[in-house]
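Heads up, run01.csv below (CSV, C-alpha atoms):
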chain,number,residue,atom,x,y,z
M,260,SER,CA,-75.5,-41.3,-98.1
M,261,PHE,CA,-72.5,-43.6,-97.6
M,262,ILE,CA,-70.3,-40.7,-96.6
M,263,SER,CA,-72.7,-39.4,-93.9
M,264,ASP,CA,-73.2,-42.9,-92.6
M,265,LEU,CA,-69.4,-43.3,-92.2
M,266,PHE,CA,-68.4,-39.9,-90.8
M,267,CYS,CA,-71.5,-38.4,-89.1
M,268,GLY,CA,-72.2,-38.7,-85.4
M,269,GLN,CA,-74.6,-37.1,-83.0
M,270,LEU,CA,-74.2,-34.8,-80.0
M,271,ARG,CA,-76.7,-34.5,-77.2
M,272,SER,CA,-76.9,-31.1,-75.5
M,273,GLN,CA,-78.9,-30.8,-72.3
M,274,VAL,CA,-79.5,-27.6,-70.4
M,275,LYS,CA,-80.9,-27.8,-66.9
M,276,CYS,CA,-82.6,-24.7,-65.3
M,277,HIS,CA,-81.4,-24.1,-61.8
M,278,LYS,CA,-84.8,-22.7,-60.7
M,279,CYS,CA,-87.4,-25.2,-61.9
M,280,ASN,CA,-85.0,-28.1,-62.8
M,281,HIS,CA,-86.5,-28.3,-66.3
M,282,VAL,CA,-84.2,-30.1,-68.8
M,283,ALA,CA,-84.2,-29.1,-72.4
M,284,THR,CA,-82.5,-31.6,-74.8
M,285,ALA,CA,-81.3,-31.0,-78.3
M,286,PHE,CA,-79.5,-33.4,-80.7
M,287,ASP,CA,-77.1,-32.1,-83.3
M,288,PRO,CA,-75.1,-33.9,-86.0
M,289,PHE,CA,-71.3,-33.5,-86.2
M,290,TRP,CA,-68.7,-34.5,-88.7
M,291,CYS,CA,-65.7,-33.4,-86.7
M,292,LEU,CA,-65.2,-32.9,-83.0
M,293,SER,CA,-63.2,-29.9,-81.9
M,294,LEU,CA,-61.7,-30.9,-78.6
M,295,PRO,CA,-60.1,-28.4,-76.2
M,296,ILE,CA,-56.9,-29.0,-74.4
M,297,PRO,CA,-57.8,-29.0,-70.7
M,298,LYS,CA,-56.7,-26.0,-68.7
M,299,LYS,CA,-54.6,-28.1,-66.3
M,300,HIS,CA,-52.5,-29.3,-69.2
M,301,ARG,CA,-52.0,-26.0,-71.1
M,302,ASN,CA,-48.5,-24.8,-71.0
M,303,GLY,CA,-49.4,-21.5,-72.6
M,304,GLY,CA,-46.2,-21.3,-74.5
M,305,TYR,CA,-45.5,-20.6,-78.1
M,306,SER,CA,-43.9,-23.2,-80.3
M,307,SER,CA,-40.4,-21.7,-80.5
M,308,SER,CA,-39.2,-24.0,-83.2
M,309,SER,CA,-40.5,-26.6,-85.5
M,310,SER,CA,-38.7,-29.3,-83.5
M,311,SER,CA,-41.6,-29.6,-81.1
M,312,MET,CA,-43.8,-30.7,-84.0
M,313,TYR,CA,-41.6,-33.8,-84.4
M,314,SER,CA,-41.9,-36.1,-81.5
M,315,SER,CA,-41.3,-39.8,-81.4
M,316,TYR,CA,-44.1,-42.3,-81.4
M,317,SER,CA,-44.0,-45.1,-78.9
M,318,ARG,CA,-44.6,-48.7,-79.9
M,319,TYR,CA,-48.2,-48.5,-78.7
M,320,GLY,CA,-49.2,-45.4,-80.6
M,321,SER,CA,-49.1,-42.7,-78.0
M,322,ARG,CA,-46.9,-39.7,-78.6
M,323,SER,CA,-43.9,-39.3,-76.4
M,324,SER,CA,-42.5,-35.8,-76.2
M,325,SER,CA,-38.8,-35.2,-76.6
M,326,SER,CA,-39.2,-31.6,-75.5
M,327,SER,CA,-39.9,-30.1,-72.1
M,328,SER,CA,-42.8,-28.0,-73.3
M,329,GLY,CA,-45.3,-29.6,-70.9
M,330,SER,CA,-44.9,-30.9,-67.4
M,331,SER,CA,-48.0,-33.1,-67.3
M,332,LYS,CA,-49.2,-35.7,-69.7
M,333,CYS,CA,-52.4,-34.9,-71.7
M,334,SER,CA,-54.3,-37.7,-73.4
M,335,LEU,CA,-57.1,-37.6,-76.0
M,336,PHE,CA,-59.4,-38.9,-73.2
M,337,ASP,CA,-58.5,-35.8,-71.1
M,338,CYS,CA,-59.6,-33.7,-74.1
M,339,PHE,CA,-62.9,-35.7,-74.3
M,340,GLU,CA,-63.5,-35.0,-70.6
M,341,ALA,CA,-62.9,-31.3,-71.1
M,342,PHE,CA,-65.3,-31.3,-74.0
M,343,THR,CA,-68.1,-32.9,-72.1
M,344,ALA,CA,-67.5,-31.0,-68.8
M,345,PRO,CA,-70.6,-29.2,-67.5
M,346,GLU,CA,-70.7,-25.5,-68.3
M,347,HIS,CA,-72.5,-23.1,-66.0
M,348,LEU,CA,-74.5,-20.4,-67.8
M,349,THR,CA,-74.8,-17.3,-65.6
M,350,GLY,CA,-74.9,-13.6,-66.1
M,351,GLN,CA,-75.0,-12.6,-69.7
M,352,GLU,CA,-74.9,-16.3,-70.7
M,353,GLN,CA,-78.2,-17.2,-68.9
M,354,TYR,CA,-80.4,-19.7,-70.7
M,355,TYR,CA,-84.0,-18.8,-71.6
M,356,CYS,CA,-86.1,-21.4,-69.8
M,357,SER,CA,-89.2,-22.3,-71.7
M,358,LYS,CA,-91.0,-23.4,-68.5
M,359,CYS,CA,-90.1,-20.3,-66.4
M,360,LYS,CA,-90.5,-18.0,-69.4
M,361,CYS,CA,-87.4,-16.0,-68.5
M,362,HIS,CA,-83.6,-16.2,-68.5
M,363,GLN,CA,-82.3,-18.3,-65.6
M,364,ASP,CA,-78.9,-19.6,-64.4
M,365,SER,CA,-78.4,-23.1,-65.8
M,366,THR,CA,-76.0,-25.9,-66.5
M,367,LYS,CA,-75.2,-27.1,-70.0
M,368,THR,CA,-73.8,-30.6,-70.7
M,369,LEU,CA,-72.7,-32.1,-73.9
M,370,SER,CA,-72.5,-35.8,-74.5
M,371,LEU,CA,-71.6,-38.0,-77.5
M,372,TYR,CA,-74.9,-39.7,-78.2
M,373,ARG,CA,-73.9,-41.6,-81.4
M,374,PHE,CA,-70.4,-42.1,-82.6
M,375,PRO,CA,-69.6,-42.3,-86.3
M,376,HIS,CA,-67.8,-45.3,-87.7
M,377,VAL,CA,-64.8,-43.0,-88.5
M,378,LEU,CA,-64.2,-40.3,-85.9
M,379,VAL,CA,-62.5,-37.1,-87.0
M,380,VAL,CA,-61.0,-35.1,-84.1
M,381,HIS,CA,-59.6,-31.6,-84.2
M,382,ILE,CA,-57.5,-30.5,-81.2
M,383,LYS,CA,-58.0,-26.8,-80.4
M,384,ARG,CA,-54.3,-25.6,-80.4
M,385,PHE,CA,-54.9,-21.9,-80.2
M,386,GLY,CA,-56.0,-19.8,-77.2
M,387,SER,CA,-56.7,-16.1,-76.8
M,388,GLY,CA,-55.3,-13.7,-74.3
M,389,GLY,CA,-52.2,-11.8,-73.8
M,390,MET,CA,-49.6,-10.7,-76.3
M,391,GLY,CA,-47.2,-13.5,-75.3
M,392,GLY,CA,-44.2,-11.2,-74.9
M,393,MET,CA,-44.9,-9.5,-78.2
M,394,THR,CA,-45.6,-5.8,-78.3
M,395,SER,CA,-48.5,-4.4,-80.2
M,396,ARG,CA,-48.9,-1.1,-82.0
M,397,PHE,CA,-52.5,-1.3,-81.0
M,398,SER,CA,-51.7,-1.4,-77.2
M,399,ARG,CA,-52.3,2.4,-76.8
M,400,PHE,CA,-55.9,2.1,-77.8
M,401,SER,CA,-58.6,1.3,-75.2
M,402,LEU,CA,-59.5,-2.0,-76.8
M,403,ALA,CA,-58.0,-5.0,-75.1
M,404,SER,CA,-54.9,-6.2,-76.8
M,405,SER,CA,-55.9,-9.8,-76.2
M,406,SER,CA,-58.6,-9.5,-78.8
M,407,PHE,CA,-55.9,-9.1,-81.4
M,408,SER,CA,-53.7,-12.1,-80.4
M,409,ARG,CA,-53.9,-15.8,-80.6
M,410,ARG,CA,-51.5,-18.1,-78.8
M,411,LYS,CA,-50.5,-21.5,-80.1
M,412,LEU,CA,-50.5,-24.1,-77.3
M,413,THR,CA,-47.6,-26.5,-77.5
M,414,THR,CA,-49.0,-29.1,-75.2
M,415,ASN,CA,-48.4,-32.6,-76.6
M,416,VAL,CA,-51.5,-34.8,-76.7
M,417,GLN,CA,-51.1,-38.6,-76.4
M,418,PHE,CA,-53.5,-40.6,-78.5
M,419,PRO,CA,-53.9,-44.3,-79.5
M,420,PHE,CA,-53.9,-45.3,-83.1
M,421,GLN,CA,-57.2,-47.1,-82.6
M,422,LEU,CA,-60.1,-46.1,-80.3
M,423,ASP,CA,-62.7,-48.4,-78.9
M,424,MET,CA,-65.5,-46.0,-77.9
M,425,ARG,CA,-68.1,-48.7,-77.1
Same coordinates, now as structure tokens:
Amino acid sequence: SFISDLFCGQLRSQVKCHKCNHVATAFDPFWCLSLPIPKKHRNGGYSSSSSSMYSSYSRYGSRSSSSSSGSSKCSLFDCFEAFTAPEHLTGQEQYYCSKCKCHQDSTKTLSLYRFPHVLVVHIKRFGSGGMGGMTSRFSRFSLASSSFSRRKLTTNVQFPFQLDMR
């Protein structure tokens, strides 16, 4: 349809077995990319006021922060690099290799195989772990308190108004 032609892209997922070097490839459609903020740019703080939401825009379309919530600059391209970074699958996350016929350590990589005409991007702004200075009434239980909390990352992400992804 017209809508899918405009908004639908395609991801390529490749998993390489460390034992036999077999590469399994899969293609998946996407309508929206959920990009993580790279760990090196995460400030880990809460947004203490709504003023951090309002930052000035420079003449060229990148966000410039008026707050001191992050010491390093994070761009949309840094988020793309974090999204496509290789992921090592070991332990309980081992991949079942169809050639070896058993679970093996492997490396998974994602790549953007086909871009849509209109790219919709979602920045993952919430991280798990810790109570962020908040106390929990559940903390006396043996369950990890981090499973009950979500932290909003206040890292500013700079982005251009137009992307040329050719």
Give as a PyMOL selection string every residue, naming chains and numbers as the document does, that has an atom within 12 Å of (-57.3, -29.4, -74.8), counting all atoms listed in the file. chain M and resi 292-303+332-344+380-386+411-417
Atoms to include: C-alpha atoms. Write the selected residues as a CSV table (one decimal), in the coordinates of the input.
chain,number,residue,atom,x,y,z
M,292,LEU,CA,-65.2,-32.9,-83.0
M,293,SER,CA,-63.2,-29.9,-81.9
M,294,LEU,CA,-61.7,-30.9,-78.6
M,295,PRO,CA,-60.1,-28.4,-76.2
M,296,ILE,CA,-56.9,-29.0,-74.4
M,297,PRO,CA,-57.8,-29.0,-70.7
M,298,LYS,CA,-56.7,-26.0,-68.7
M,299,LYS,CA,-54.6,-28.1,-66.3
M,300,HIS,CA,-52.5,-29.3,-69.2
M,301,ARG,CA,-52.0,-26.0,-71.1
M,302,ASN,CA,-48.5,-24.8,-71.0
M,303,GLY,CA,-49.4,-21.5,-72.6
M,332,LYS,CA,-49.2,-35.7,-69.7
M,333,CYS,CA,-52.4,-34.9,-71.7
M,334,SER,CA,-54.3,-37.7,-73.4
M,335,LEU,CA,-57.1,-37.6,-76.0
M,336,PHE,CA,-59.4,-38.9,-73.2
M,337,ASP,CA,-58.5,-35.8,-71.1
M,338,CYS,CA,-59.6,-33.7,-74.1
M,339,PHE,CA,-62.9,-35.7,-74.3
M,340,GLU,CA,-63.5,-35.0,-70.6
M,341,ALA,CA,-62.9,-31.3,-71.1
M,342,PHE,CA,-65.3,-31.3,-74.0
M,343,THR,CA,-68.1,-32.9,-72.1
M,344,ALA,CA,-67.5,-31.0,-68.8
M,380,VAL,CA,-61.0,-35.1,-84.1
M,381,HIS,CA,-59.6,-31.6,-84.2
M,382,ILE,CA,-57.5,-30.5,-81.2
M,383,LYS,CA,-58.0,-26.8,-80.4
M,384,ARG,CA,-54.3,-25.6,-80.4
M,385,PHE,CA,-54.9,-21.9,-80.2
M,386,GLY,CA,-56.0,-19.8,-77.2
M,411,LYS,CA,-50.5,-21.5,-80.1
M,412,LEU,CA,-50.5,-24.1,-77.3
M,413,THR,CA,-47.6,-26.5,-77.5
M,414,THR,CA,-49.0,-29.1,-75.2
M,415,ASN,CA,-48.4,-32.6,-76.6
M,416,VAL,CA,-51.5,-34.8,-76.7
M,417,GLN,CA,-51.1,-38.6,-76.4
Which value, in Å to one decimal, gives the distance between CA of Asp423 (chain M) and CA of Ala285 (chain M)?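 Straight-line distance from CA of Asp423 (chain M) to CA of Ala285 (chain M) works out to 25.5 Å.
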Name the residues in contact with Val274 (chain M) at a cut-off of 8 Å, using only C-alpha atoms, excluding same-chain residues fewer than 3 positions from it; report them as an MDAnalysis selection string. chainID M and resid 282:284 354 365:368
Write out as a ChimeraX atom specification each polymer residue whose atoms come within 8 Å of region 260-270 of chain M, counting all atoms listed in the file; drop sequence neighbours fewer than 5 positions from it. /M:286-290,369-379
Between CA of Gln421 (chain M) and CA of Gln273 (chain M), what is the distance in Å, rounded to a tenth? 29.0 Å
Point-to-point distance from CA of His347 (chain M) to CA of Asn280 (chain M), Å rounded to tenths: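 Separation of CA of His347 (chain M) and CA of Asn280 (chain M): 13.8 Å.
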Reconstruct N, CA, C and O atoms of region 365-391 of chain M; output as a compact mmCIF listing (two decimals), in the frame of the given file.
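Heads up, here's the output in out.txt:
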# COMPACT_ATOMS: atom_id res chain seq x y z
N SER M 365 -78.25 -21.73 -65.36
CA SER M 365 -78.40 -23.10 -65.80
C SER M 365 -77.10 -23.80 -65.96
O SER M 365 -76.05 -23.17 -65.91
N THR M 366 -77.17 -25.09 -66.20
CA THR M 366 -76.00 -25.90 -66.50
C THR M 366 -76.18 -26.62 -67.79
O THR M 366 -77.22 -27.26 -68.01
N LYS M 367 -75.18 -26.50 -68.67
CA LYS M 367 -75.20 -27.10 -70.00
C LYS M 367 -74.23 -28.28 -70.02
O LYS M 367 -73.08 -28.12 -69.61
N THR M 368 -74.66 -29.43 -70.49
CA THR M 368 -73.80 -30.60 -70.70
C THR M 368 -73.88 -31.11 -72.08
O THR M 368 -74.97 -31.16 -72.64
N LEU M 369 -72.74 -31.48 -72.64
CA LEU M 369 -72.70 -32.10 -73.90
C LEU M 369 -72.32 -33.58 -73.74
O LEU M 369 -71.49 -33.90 -72.88
N SER M 370 -72.91 -34.44 -74.53
CA SER M 370 -72.50 -35.80 -74.50
C SER M 370 -72.53 -36.37 -75.93
O SER M 370 -73.25 -35.87 -76.79
N LEU M 371 -71.71 -37.38 -76.14
CA LEU M 371 -71.60 -38.00 -77.50
C LEU M 371 -72.71 -39.09 -77.48
O LEU M 371 -72.58 -40.13 -76.82
N TYR M 372 -73.77 -38.82 -78.21
CA TYR M 372 -74.90 -39.70 -78.20
C TYR M 372 -74.72 -40.88 -79.19
O TYR M 372 -75.07 -42.01 -78.89
N ARG M 373 -74.18 -40.57 -80.36
CA ARG M 373 -73.90 -41.60 -81.40
C ARG M 373 -72.59 -41.32 -82.02
O ARG M 373 -72.38 -40.24 -82.57
N PHE M 374 -71.69 -42.28 -81.96
CA PHE M 374 -70.40 -42.10 -82.60
C PHE M 374 -70.46 -42.54 -84.06
O PHE M 374 -71.20 -43.47 -84.41
N PRO M 375 -69.70 -41.87 -84.91
CA PRO M 375 -69.60 -42.30 -86.30
C PRO M 375 -68.67 -43.52 -86.39
O PRO M 375 -67.92 -43.82 -85.45
N HIS M 376 -68.69 -44.21 -87.52
CA HIS M 376 -67.80 -45.30 -87.70
C HIS M 376 -66.33 -44.81 -87.79
O HIS M 376 -65.41 -45.46 -87.30
N VAL M 377 -66.14 -43.64 -88.42
CA VAL M 377 -64.80 -43.00 -88.50
C VAL M 377 -64.94 -41.66 -87.79
O VAL M 377 -65.68 -40.78 -88.22
N LEU M 378 -64.20 -41.50 -86.69
CA LEU M 378 -64.20 -40.30 -85.90
C LEU M 378 -63.11 -39.35 -86.32
O LEU M 378 -61.95 -39.73 -86.29
N VAL M 379 -63.48 -38.12 -86.68
CA VAL M 379 -62.50 -37.10 -87.00
C VAL M 379 -62.41 -36.15 -85.84
O VAL M 379 -63.41 -35.61 -85.40
N VAL M 380 -61.18 -35.97 -85.34
CA VAL M 380 -61.00 -35.10 -84.10
C VAL M 380 -60.02 -34.00 -84.49
O VAL M 380 -59.00 -34.20 -85.15
N HIS M 381 -60.40 -32.81 -84.06
CA HIS M 381 -59.60 -31.60 -84.20
C HIS M 381 -59.22 -31.15 -82.81
O HIS M 381 -60.09 -30.96 -81.98
N ILE M 382 -57.92 -30.98 -82.54
CA ILE M 382 -57.50 -30.50 -81.20
C ILE M 382 -57.34 -28.97 -81.33
O ILE M 382 -56.63 -28.47 -82.19
N LYS M 383 -58.03 -28.27 -80.44
CA LYS M 383 -58.00 -26.80 -80.40
C LYS M 383 -56.59 -26.39 -79.89
O LYS M 383 -56.34 -26.47 -78.70
N ARG M 384 -55.73 -25.94 -80.75
CA ARG M 384 -54.30 -25.60 -80.40
C ARG M 384 -54.11 -24.14 -80.17
O ARG M 384 -52.99 -23.74 -79.87
N PHE M 385 -55.13 -23.30 -80.36
CA PHE M 385 -54.90 -21.90 -80.20
C PHE M 385 -55.81 -21.34 -79.10
O PHE M 385 -56.97 -21.70 -78.99
N GLY M 386 -55.23 -20.46 -78.28
CA GLY M 386 -56.00 -19.80 -77.20
C GLY M 386 -55.83 -18.33 -77.31
O GLY M 386 -54.92 -17.82 -77.97
N SER M 387 -56.73 -17.61 -76.71
CA SER M 387 -56.70 -16.10 -76.80
C SER M 387 -56.13 -15.62 -75.46
O SER M 387 -56.07 -16.32 -74.46
N GLY M 388 -55.75 -14.37 -75.52
CA GLY M 388 -55.30 -13.70 -74.30
C GLY M 388 -53.85 -13.39 -74.29
O GLY M 388 -53.03 -14.20 -74.65
N GLY M 389 -53.56 -12.17 -73.91
CA GLY M 389 -52.20 -11.80 -73.80
C GLY M 389 -51.47 -11.61 -75.09
O GLY M 389 -51.93 -12.09 -76.12
N MET M 390 -50.35 -10.93 -75.06
CA MET M 390 -49.60 -10.70 -76.30
C MET M 390 -48.39 -11.70 -76.30
O MET M 390 -47.60 -11.68 -77.22
N GLY M 391 -48.23 -12.52 -75.27
CA GLY M 391 -47.20 -13.50 -75.30
C GLY M 391 -45.78 -12.96 -75.42
O GLY M 391 -44.95 -13.55 -76.08
